[in-house]
>>> print(open('start11.txt').read())   # compact mmCIF, N, CA and C atoms
# COMPACT_ATOMS: atom_id res chain seq x y z
N ILE A 855 0.87 -1.17 0.00
CA ILE A 855 0.00 0.00 0.00
C ILE A 855 0.90 1.22 0.00
N LEU A 856 0.77 2.05 -1.00
CA LEU A 856 1.61 3.23 -1.14
C LEU A 856 0.81 4.47 -0.73
N ASN A 857 1.20 5.07 0.38
CA ASN A 857 0.55 6.27 0.89
C ASN A 857 1.27 7.47 0.31
N SER A 858 0.61 8.20 -0.59
CA SER A 858 1.28 9.31 -1.25
C SER A 858 0.98 10.66 -0.61
N SER A 859 0.41 10.66 0.56
CA SER A 859 0.13 11.92 1.25
C SER A 859 1.44 12.57 1.71
N PRO A 860 1.58 13.88 1.49
CA PRO A 860 2.75 14.58 2.04
C PRO A 860 2.80 14.49 3.57
N SER A 861 1.66 14.21 4.21
CA SER A 861 1.60 14.11 5.68
C SER A 861 2.04 12.74 6.19
N GLY A 862 2.27 11.79 5.30
CA GLY A 862 2.74 10.46 5.70
C GLY A 862 1.82 9.78 6.70
N ALA A 863 2.38 9.35 7.81
CA ALA A 863 1.62 8.61 8.82
C ALA A 863 0.72 9.50 9.67
N GLN A 864 0.68 10.79 9.40
CA GLN A 864 -0.12 11.71 10.20
C GLN A 864 -1.43 12.14 9.54
N GLY A 865 -1.63 11.81 8.27
CA GLY A 865 -2.75 12.37 7.55
C GLY A 865 -3.96 11.48 7.39
N ASN A 866 -4.93 11.99 6.64
CA ASN A 866 -6.18 11.27 6.38
C ASN A 866 -5.95 9.99 5.58
N CYS A 867 -5.00 10.01 4.65
CA CYS A 867 -4.72 8.80 3.87
C CYS A 867 -4.28 7.67 4.79
N HIS A 868 -3.41 7.97 5.72
CA HIS A 868 -2.94 6.92 6.64
C HIS A 868 -4.09 6.39 7.49
N GLU A 869 -4.96 7.27 7.93
CA GLU A 869 -6.11 6.82 8.73
C GLU A 869 -6.99 5.87 7.93
N LEU A 870 -7.23 6.18 6.67
CA LEU A 870 -8.04 5.29 5.83
C LEU A 870 -7.31 3.96 5.60
N ILE A 871 -6.02 4.02 5.35
CA ILE A 871 -5.23 2.79 5.18
C ILE A 871 -5.32 1.92 6.43
N ARG A 872 -5.19 2.54 7.58
CA ARG A 872 -5.28 1.81 8.85
C ARG A 872 -6.62 1.10 8.97
N ARG A 873 -7.69 1.79 8.60
CA ARG A 873 -9.03 1.18 8.68
C ARG A 873 -9.16 0.03 7.68
N ILE A 874 -8.62 0.19 6.49
CA ILE A 874 -8.67 -0.87 5.48
C ILE A 874 -7.91 -2.10 5.98
N GLN A 875 -6.73 -1.88 6.52
CA GLN A 875 -5.94 -3.01 7.04
C GLN A 875 -6.69 -3.73 8.15
N LYS A 876 -7.27 -2.97 9.06
CA LYS A 876 -7.98 -3.56 10.20
C LYS A 876 -9.18 -4.37 9.74
N ASP A 877 -9.94 -3.83 8.79
CA ASP A 877 -11.20 -4.45 8.41
C ASP A 877 -11.09 -5.49 7.30
N TYR A 878 -10.05 -5.38 6.45
CA TYR A 878 -10.03 -6.22 5.25
C TYR A 878 -8.76 -7.03 5.03
N LEU A 879 -7.68 -6.70 5.72
CA LEU A 879 -6.41 -7.38 5.44
C LEU A 879 -5.78 -7.92 6.71
N ALA A 880 -5.13 -9.05 6.59
CA ALA A 880 -4.29 -9.52 7.68
C ALA A 880 -3.01 -8.70 7.64
N GLU A 881 -2.53 -8.26 8.79
CA GLU A 881 -1.37 -7.37 8.84
C GLU A 881 -0.17 -7.93 8.09
N GLU A 882 0.02 -9.25 8.16
CA GLU A 882 1.16 -9.85 7.48
C GLU A 882 0.99 -9.88 5.96
N ASP A 883 -0.23 -9.64 5.47
CA ASP A 883 -0.49 -9.66 4.04
C ASP A 883 -0.26 -8.32 3.36
N SER A 884 0.06 -7.29 4.11
CA SER A 884 0.24 -5.98 3.49
C SER A 884 1.37 -5.21 4.17
N GLN A 885 1.92 -4.32 3.40
CA GLN A 885 2.96 -3.43 3.91
C GLN A 885 2.61 -2.03 3.45
N VAL A 886 2.74 -1.07 4.34
CA VAL A 886 2.47 0.33 4.00
C VAL A 886 3.79 1.07 3.83
N VAL A 887 3.88 1.79 2.73
CA VAL A 887 5.04 2.64 2.48
C VAL A 887 4.53 4.07 2.40
N HIS A 888 5.06 4.93 3.27
CA HIS A 888 4.74 6.36 3.23
C HIS A 888 5.74 7.01 2.29
N LEU A 889 5.28 7.37 1.10
CA LEU A 889 6.19 7.86 0.07
C LEU A 889 6.94 9.12 0.50
N SER A 890 6.34 9.91 1.38
CA SER A 890 7.02 11.13 1.84
C SER A 890 8.26 10.81 2.68
N GLU A 891 8.38 9.58 3.14
CA GLU A 891 9.51 9.17 3.98
C GLU A 891 10.54 8.32 3.24
N VAL A 892 10.30 8.04 1.95
CA VAL A 892 11.21 7.17 1.19
C VAL A 892 12.54 7.87 0.95
N LYS A 893 13.61 7.18 1.29
CA LYS A 893 14.96 7.69 1.08
C LYS A 893 15.62 7.06 -0.15
N SER A 894 15.27 5.79 -0.43
CA SER A 894 15.89 5.07 -1.54
C SER A 894 14.82 4.56 -2.50
N PHE A 895 14.73 5.20 -3.66
CA PHE A 895 13.76 4.73 -4.64
C PHE A 895 14.20 3.40 -5.25
N LYS A 896 15.48 3.12 -5.25
CA LYS A 896 15.95 1.84 -5.77
C LYS A 896 15.37 0.69 -4.95
N LYS A 897 15.40 0.81 -3.62
CA LYS A 897 14.82 -0.21 -2.75
C LYS A 897 13.31 -0.30 -2.96
N LEU A 898 12.64 0.85 -3.07
CA LEU A 898 11.19 0.85 -3.26
C LEU A 898 10.81 0.21 -4.60
N LEU A 899 11.56 0.49 -5.65
CA LEU A 899 11.27 -0.11 -6.95
C LEU A 899 11.41 -1.63 -6.87
N SER A 900 12.35 -2.11 -6.08
CA SER A 900 12.50 -3.55 -5.88
C SER A 900 11.29 -4.11 -5.13
N GLN A 901 10.81 -3.39 -4.12
CA GLN A 901 9.62 -3.82 -3.39
C GLN A 901 8.40 -3.86 -4.31
N ILE A 902 8.27 -2.86 -5.18
CA ILE A 902 7.16 -2.82 -6.13
C ILE A 902 7.23 -4.02 -7.07
N GLN A 903 8.41 -4.30 -7.55
CA GLN A 903 8.62 -5.44 -8.44
C GLN A 903 8.22 -6.75 -7.77
N ASN A 904 8.50 -6.90 -6.48
CA ASN A 904 8.24 -8.15 -5.77
C ASN A 904 6.83 -8.25 -5.19
N ALA A 905 6.08 -7.16 -5.20
CA ALA A 905 4.73 -7.17 -4.63
C ALA A 905 3.77 -7.95 -5.52
N ALA A 906 2.82 -8.62 -4.89
CA ALA A 906 1.78 -9.32 -5.64
C ALA A 906 0.82 -8.33 -6.29
N GLY A 907 0.64 -7.19 -5.68
CA GLY A 907 -0.23 -6.14 -6.20
C GLY A 907 0.00 -4.88 -5.39
N LEU A 908 -0.52 -3.77 -5.87
CA LEU A 908 -0.32 -2.48 -5.22
C LEU A 908 -1.64 -1.75 -5.01
N VAL A 909 -1.69 -0.98 -3.94
CA VAL A 909 -2.80 -0.06 -3.71
C VAL A 909 -2.17 1.33 -3.57
N PHE A 910 -2.55 2.23 -4.46
CA PHE A 910 -2.09 3.62 -4.42
C PHE A 910 -3.15 4.43 -3.69
N VAL A 911 -2.75 5.15 -2.66
CA VAL A 911 -3.67 5.98 -1.88
C VAL A 911 -3.15 7.42 -1.91
N THR A 912 -4.02 8.34 -2.30
CA THR A 912 -3.61 9.74 -2.38
C THR A 912 -4.77 10.66 -2.01
N GLY A 913 -4.43 11.81 -1.55
CA GLY A 913 -5.41 12.88 -1.40
C GLY A 913 -5.51 13.63 -2.71
N THR A 914 -6.35 14.64 -2.74
CA THR A 914 -6.51 15.50 -3.92
C THR A 914 -5.86 16.84 -3.61
N TYR A 915 -4.85 17.18 -4.39
CA TYR A 915 -4.09 18.41 -4.17
C TYR A 915 -4.09 19.23 -5.45
N TRP A 916 -4.83 20.32 -5.47
CA TRP A 916 -4.90 21.19 -6.64
C TRP A 916 -5.24 20.39 -7.88
N ASP A 917 -6.29 19.57 -7.79
CA ASP A 917 -6.78 18.73 -8.90
C ASP A 917 -5.78 17.69 -9.36
N SER A 918 -4.91 17.23 -8.48
CA SER A 918 -3.95 16.19 -8.83
C SER A 918 -3.67 15.33 -7.60
N TRP A 919 -2.76 14.38 -7.77
CA TRP A 919 -2.33 13.52 -6.67
C TRP A 919 -1.21 14.21 -5.90
N GLY A 920 -0.82 13.61 -4.78
CA GLY A 920 0.20 14.19 -3.93
C GLY A 920 1.58 14.21 -4.57
N SER A 921 2.40 15.18 -4.19
CA SER A 921 3.74 15.32 -4.75
C SER A 921 4.63 14.09 -4.50
N PRO A 922 4.50 13.38 -3.36
CA PRO A 922 5.31 12.16 -3.21
C PRO A 922 4.99 11.11 -4.28
N LEU A 923 3.73 11.04 -4.71
CA LEU A 923 3.37 10.09 -5.76
C LEU A 923 3.92 10.55 -7.11
N GLN A 924 3.90 11.84 -7.36
CA GLN A 924 4.47 12.35 -8.61
C GLN A 924 5.94 11.98 -8.70
N LYS A 925 6.66 12.15 -7.61
CA LYS A 925 8.09 11.79 -7.58
C LYS A 925 8.27 10.29 -7.84
N LEU A 926 7.41 9.46 -7.23
CA LEU A 926 7.50 8.02 -7.46
C LEU A 926 7.26 7.70 -8.93
N LEU A 927 6.23 8.28 -9.53
CA LEU A 927 5.92 8.00 -10.94
C LEU A 927 7.11 8.36 -11.83
N GLU A 928 7.75 9.47 -11.53
CA GLU A 928 8.93 9.86 -12.30
C GLU A 928 10.05 8.85 -12.13
N ASN A 929 10.24 8.33 -10.93
CA ASN A 929 11.28 7.33 -10.68
C ASN A 929 10.91 5.96 -11.22
N MET A 930 9.62 5.71 -11.43
CA MET A 930 9.17 4.41 -11.93
C MET A 930 9.25 4.30 -13.45
N THR A 931 9.62 5.37 -14.12
CA THR A 931 9.65 5.36 -15.59
C THR A 931 10.44 4.18 -16.13
N GLU A 932 11.53 3.81 -15.45
CA GLU A 932 12.35 2.69 -15.92
C GLU A 932 11.61 1.36 -15.90
N LEU A 933 10.54 1.26 -15.12
CA LEU A 933 9.75 0.03 -15.05
C LEU A 933 8.66 -0.04 -16.11
N GLU A 934 8.40 1.07 -16.77
CA GLU A 934 7.29 1.17 -17.72
C GLU A 934 7.39 0.09 -18.80
N GLY A 935 6.32 -0.68 -18.94
CA GLY A 935 6.25 -1.71 -19.97
C GLY A 935 7.15 -2.92 -19.73
N SER A 936 7.80 -2.98 -18.58
CA SER A 936 8.71 -4.10 -18.32
C SER A 936 7.96 -5.24 -17.62
N SER A 937 8.57 -6.40 -17.61
CA SER A 937 7.96 -7.55 -16.94
C SER A 937 7.83 -7.33 -15.44
N LYS A 938 8.50 -6.32 -14.91
CA LYS A 938 8.45 -6.03 -13.48
C LYS A 938 7.09 -5.49 -13.04
N VAL A 939 6.36 -4.87 -13.97
CA VAL A 939 5.03 -4.34 -13.62
C VAL A 939 3.93 -4.80 -14.59
N LEU A 940 4.31 -5.31 -15.75
CA LEU A 940 3.33 -5.67 -16.77
C LEU A 940 2.34 -6.71 -16.23
N GLY A 941 1.08 -6.33 -16.16
CA GLY A 941 0.03 -7.21 -15.66
C GLY A 941 -0.10 -7.27 -14.15
N LYS A 942 0.71 -6.50 -13.42
CA LYS A 942 0.62 -6.49 -11.96
C LYS A 942 -0.64 -5.72 -11.56
N PRO A 943 -1.56 -6.33 -10.79
CA PRO A 943 -2.79 -5.64 -10.44
C PRO A 943 -2.56 -4.49 -9.46
N CYS A 944 -3.35 -3.45 -9.63
CA CYS A 944 -3.28 -2.33 -8.69
C CYS A 944 -4.67 -1.73 -8.51
N ALA A 945 -4.82 -1.07 -7.40
CA ALA A 945 -6.05 -0.35 -7.09
C ALA A 945 -5.66 1.08 -6.72
N VAL A 946 -6.61 1.99 -6.84
CA VAL A 946 -6.37 3.39 -6.53
C VAL A 946 -7.47 3.90 -5.62
N ILE A 947 -7.08 4.53 -4.53
CA ILE A 947 -8.03 5.18 -3.63
C ILE A 947 -7.66 6.65 -3.54
N VAL A 948 -8.62 7.51 -3.82
CA VAL A 948 -8.40 8.95 -3.78
C VAL A 948 -9.30 9.56 -2.72
N LEU A 949 -8.72 10.33 -1.83
CA LEU A 949 -9.50 11.07 -0.86
C LEU A 949 -9.66 12.50 -1.37
N MET A 950 -10.79 13.09 -1.07
CA MET A 950 -11.02 14.49 -1.45
C MET A 950 -11.88 15.13 -0.37
N HIS A 951 -11.80 16.44 -0.27
CA HIS A 951 -12.66 17.13 0.68
C HIS A 951 -14.06 17.26 0.13
N SER A 952 -14.21 17.78 -1.10
CA SER A 952 -15.56 17.88 -1.64
C SER A 952 -15.62 17.66 -3.15
N VAL A 953 -14.59 18.03 -3.91
CA VAL A 953 -14.63 17.87 -5.37
C VAL A 953 -13.24 17.51 -5.90
N GLY A 954 -13.22 17.01 -7.13
CA GLY A 954 -11.97 16.79 -7.85
C GLY A 954 -11.41 15.39 -7.81
N GLY A 955 -11.89 14.56 -6.92
CA GLY A 955 -11.32 13.23 -6.75
C GLY A 955 -11.52 12.31 -7.93
N LYS A 956 -12.66 12.38 -8.59
CA LYS A 956 -12.94 11.48 -9.73
C LYS A 956 -11.97 11.74 -10.87
N GLY A 957 -11.67 13.01 -11.12
CA GLY A 957 -10.70 13.34 -12.17
C GLY A 957 -9.32 12.81 -11.85
N VAL A 958 -8.91 12.92 -10.58
CA VAL A 958 -7.61 12.42 -10.14
C VAL A 958 -7.58 10.90 -10.30
N LEU A 959 -8.65 10.22 -9.89
CA LEU A 959 -8.73 8.76 -10.01
C LEU A 959 -8.57 8.34 -11.47
N SER A 960 -9.34 8.93 -12.36
CA SER A 960 -9.30 8.54 -13.78
C SER A 960 -7.92 8.78 -14.39
N ARG A 961 -7.32 9.93 -14.10
CA ARG A 961 -6.01 10.24 -14.66
C ARG A 961 -4.94 9.29 -14.13
N LEU A 962 -4.99 9.00 -12.82
CA LEU A 962 -3.99 8.13 -12.23
C LEU A 962 -4.13 6.70 -12.76
N GLN A 963 -5.35 6.22 -12.89
CA GLN A 963 -5.54 4.88 -13.46
C GLN A 963 -5.02 4.85 -14.90
N GLY A 964 -5.20 5.92 -15.64
CA GLY A 964 -4.69 6.00 -17.01
C GLY A 964 -3.17 5.92 -17.05
N VAL A 965 -2.50 6.65 -16.15
CA VAL A 965 -1.04 6.61 -16.07
C VAL A 965 -0.56 5.21 -15.72
N LEU A 966 -1.18 4.60 -14.73
CA LEU A 966 -0.76 3.27 -14.29
C LEU A 966 -1.00 2.23 -15.38
N SER A 967 -2.11 2.34 -16.09
CA SER A 967 -2.39 1.43 -17.19
C SER A 967 -1.35 1.59 -18.30
N SER A 968 -0.98 2.83 -18.59
CA SER A 968 0.05 3.09 -19.61
C SER A 968 1.41 2.52 -19.21
N MET A 969 1.67 2.46 -17.92
CA MET A 969 2.93 1.87 -17.44
C MET A 969 2.93 0.35 -17.58
N GLY A 970 1.74 -0.25 -17.62
CA GLY A 970 1.63 -1.70 -17.76
C GLY A 970 0.90 -2.39 -16.64
N PHE A 971 0.50 -1.63 -15.62
CA PHE A 971 -0.24 -2.23 -14.52
C PHE A 971 -1.61 -2.69 -15.00
N LEU A 972 -2.14 -3.71 -14.36
CA LEU A 972 -3.48 -4.20 -14.63
C LEU A 972 -4.46 -3.45 -13.74
N ILE A 973 -5.48 -2.86 -14.34
CA ILE A 973 -6.50 -2.13 -13.59
C ILE A 973 -7.77 -3.01 -13.60
N PRO A 974 -7.95 -3.83 -12.56
CA PRO A 974 -9.13 -4.70 -12.53
C PRO A 974 -10.42 -3.89 -12.43
N PRO A 975 -11.55 -4.49 -12.80
CA PRO A 975 -12.83 -3.79 -12.64
C PRO A 975 -13.06 -3.41 -11.18
N MET A 976 -13.66 -2.26 -10.99
CA MET A 976 -14.04 -1.76 -9.67
C MET A 976 -12.84 -1.64 -8.73
N SER A 977 -11.68 -1.28 -9.26
CA SER A 977 -10.47 -1.16 -8.44
C SER A 977 -10.13 0.29 -8.12
N GLY A 978 -11.07 1.19 -8.32
CA GLY A 978 -10.84 2.59 -7.98
C GLY A 978 -11.94 3.09 -7.07
N MET A 979 -11.57 3.96 -6.16
CA MET A 979 -12.55 4.51 -5.22
C MET A 979 -12.18 5.95 -4.89
N VAL A 980 -13.21 6.79 -4.80
CA VAL A 980 -13.02 8.16 -4.32
C VAL A 980 -13.80 8.27 -3.02
N HIS A 981 -13.15 8.76 -2.00
CA HIS A 981 -13.77 8.92 -0.69
C HIS A 981 -13.83 10.42 -0.35
N SER A 982 -15.03 10.93 -0.17
CA SER A 982 -15.21 12.33 0.18
C SER A 982 -15.20 12.49 1.69
N LEU A 983 -14.41 13.45 2.14
CA LEU A 983 -14.33 13.71 3.58
C LEU A 983 -15.42 14.66 4.06
N VAL A 984 -16.28 15.15 3.15
CA VAL A 984 -17.33 16.08 3.51
C VAL A 984 -18.26 15.50 4.57
N THR A 985 -18.65 14.25 4.41
CA THR A 985 -19.60 13.65 5.32
C THR A 985 -18.94 12.70 6.32
N ASP A 986 -17.62 12.65 6.31
CA ASP A 986 -16.90 11.71 7.17
C ASP A 986 -16.77 12.28 8.57
>>> encode(input="start11.txt", output="structure tokens")
Amino acid sequence: ILNSSPSGAQGNCHELIRRIQKDYLAEEDSQVVHLSEVKSFKKLLSQIQNAAGLVFVTGTYWDSWGSPLQKLLENMTELEGSSKVLGKPCAVIVLMHSVGGKGVLSRLQGVLSSMGFLIPPMSGMVHSLVTD
């Protein structure tokens, strides 16, 4: 699970990840990486390559995803179209306060699909914090 919030373990994305892990995943079946805390993208790219699947979690920042995720996507360019990610399933969860999340979700799924990730049906979600 890749948390792309600039707030890392302190933000809304982490809280949602924590709830997902508690309710849906065994702790040993998932690992959370706070992208804002990553020091070595080489190590992270190796973890991505070895993962069975990925969940990208981001907030909505000026109609886009978080800057830590943008940095990761730039560093992941070398994996694009390679056997390291080709067909690897991924899901995307976007948090938003009131608007803009659907556009971020669609664009991010498009980028990930272009890289070679598999976007299964119903693998994207936008969560509005307005009523939370």
>>> atom_distance(input="start11.txt", atom1="CA of Val984 in chain A", atom2="CA of Leu908 in chain A")
26.6 Å
>>> closest_residue(input="start11.txt", among="A:Ser918, A:Gln875, A:Ser858, A:Asn866", to="Ser890 in chain A", atoms="only N, CA and C atoms")
A:Ser858
>>> select_by_dssp(input="start11.txt", residues="range 874-931 of chain A", states="strand (DSSP E or B)", output="list of chain:residue names")
A:Val887, A:His888, A:Leu908, A:Val909, A:Phe910, A:Val911, A:Thr912, A:Tyr915, A:Ser918
>>> atom_distance(input="start11.txt", atom1="CA of Met930 in chain A", atom2="CA of Leu983 in chain A")
29.7 Å
>>> residues_near_point(input="start11.txt", point="(2.0, 2.7, -20.3)", cutoff="12 Å", atoms="only C-alpha atoms", output="list of chain:residue names")
A:Leu927, A:Met930, A:Thr931, A:Glu932, A:Leu933, A:Glu934, A:Gly935, A:Ser936, A:Val939, A:Leu940, A:Gly941, A:Leu962, A:Gln963, A:Gly964, A:Val965, A:Leu966, A:Ser967, A:Ser968, A:Met969, A:Gly970, A:Phe971, A:Leu972, A:Ile973
>>> atom_distance(input="start11.txt", atom1="atom N of Lys942 in chain A", atom2="atom C of Ile902 in chain A")
9.4 Å
>>> closest_residue(input="start11.txt", among="A:Pro974, A:Glu869, A:Gly955, A:Leu879", to="Asp917 in chain A", atoms="only C-alpha atoms")
A:Gly955
>>> closest_residue(input="start11.txt", among="A:Asn929, A:Ser900, A:Ser861, A:Thr914", to="Leu949 in chain A", atoms="only C-alpha atoms")
A:Thr914
>>> decode(input="start11.txt", residues="range 865-885 of chain A", atoms="N, CA and C atoms", output="CSV table (one decimal), in the first residue's frame")
chain,number,residue,atom,x,y,z
A,865,GLY,N,-1.6,11.8,8.3
A,865,GLY,CA,-2.8,12.4,7.5
A,865,GLY,C,-4.0,11.5,7.4
A,866,ASN,N,-4.9,12.0,6.6
A,866,ASN,CA,-6.2,11.3,6.4
A,866,ASN,C,-5.9,10.0,5.6
A,867,CYS,N,-5.0,10.0,4.6
A,867,CYS,CA,-4.7,8.8,3.9
A,867,CYS,C,-4.3,7.7,4.8
A,868,HIS,N,-3.4,8.0,5.7
A,868,HIS,CA,-2.9,6.9,6.6
A,868,HIS,C,-4.1,6.4,7.5
A,869,GLU,N,-5.0,7.3,7.9
A,869,GLU,CA,-6.1,6.8,8.7
A,869,GLU,C,-7.0,5.9,7.9
A,870,LEU,N,-7.2,6.2,6.7
A,870,LEU,CA,-8.0,5.3,5.8
A,870,LEU,C,-7.3,4.0,5.6
A,871,ILE,N,-6.0,4.0,5.4
A,871,ILE,CA,-5.2,2.8,5.2
A,871,ILE,C,-5.3,1.9,6.4
A,872,ARG,N,-5.2,2.5,7.6
A,872,ARG,CA,-5.3,1.8,8.8
A,872,ARG,C,-6.6,1.1,9.0
A,873,ARG,N,-7.7,1.8,8.6
A,873,ARG,CA,-9.0,1.2,8.7
A,873,ARG,C,-9.2,0.0,7.7
A,874,ILE,N,-8.6,0.2,6.5
A,874,ILE,CA,-8.7,-0.9,5.5
A,874,ILE,C,-7.9,-2.1,6.0
A,875,GLN,N,-6.7,-1.9,6.5
A,875,GLN,CA,-5.9,-3.0,7.0
A,875,GLN,C,-6.7,-3.7,8.2
A,876,LYS,N,-7.3,-3.0,9.1
A,876,LYS,CA,-8.0,-3.6,10.2
A,876,LYS,C,-9.2,-4.4,9.7
A,877,ASP,N,-9.9,-3.8,8.8
A,877,ASP,CA,-11.2,-4.5,8.4
A,877,ASP,C,-11.1,-5.5,7.3
A,878,TYR,N,-10.1,-5.4,6.4
A,878,TYR,CA,-10.0,-6.2,5.3
A,878,TYR,C,-8.8,-7.0,5.0
A,879,LEU,N,-7.7,-6.7,5.7
A,879,LEU,CA,-6.4,-7.4,5.4
A,879,LEU,C,-5.8,-7.9,6.7
A,880,ALA,N,-5.1,-9.0,6.6
A,880,ALA,CA,-4.3,-9.5,7.7
A,880,ALA,C,-3.0,-8.7,7.6
A,881,GLU,N,-2.5,-8.3,8.8
A,881,GLU,CA,-1.4,-7.4,8.8
A,881,GLU,C,-0.2,-7.9,8.1
A,882,GLU,N,0.0,-9.2,8.2
A,882,GLU,CA,1.2,-9.8,7.5
A,882,GLU,C,1.0,-9.9,6.0
A,883,ASP,N,-0.2,-9.6,5.5
A,883,ASP,CA,-0.5,-9.7,4.0
A,883,ASP,C,-0.3,-8.3,3.4
A,884,SER,N,0.1,-7.3,4.1
A,884,SER,CA,0.2,-6.0,3.5
A,884,SER,C,1.4,-5.2,4.2
A,885,GLN,N,1.9,-4.3,3.4
A,885,GLN,CA,3.0,-3.4,3.9
A,885,GLN,C,2.6,-2.0,3.4
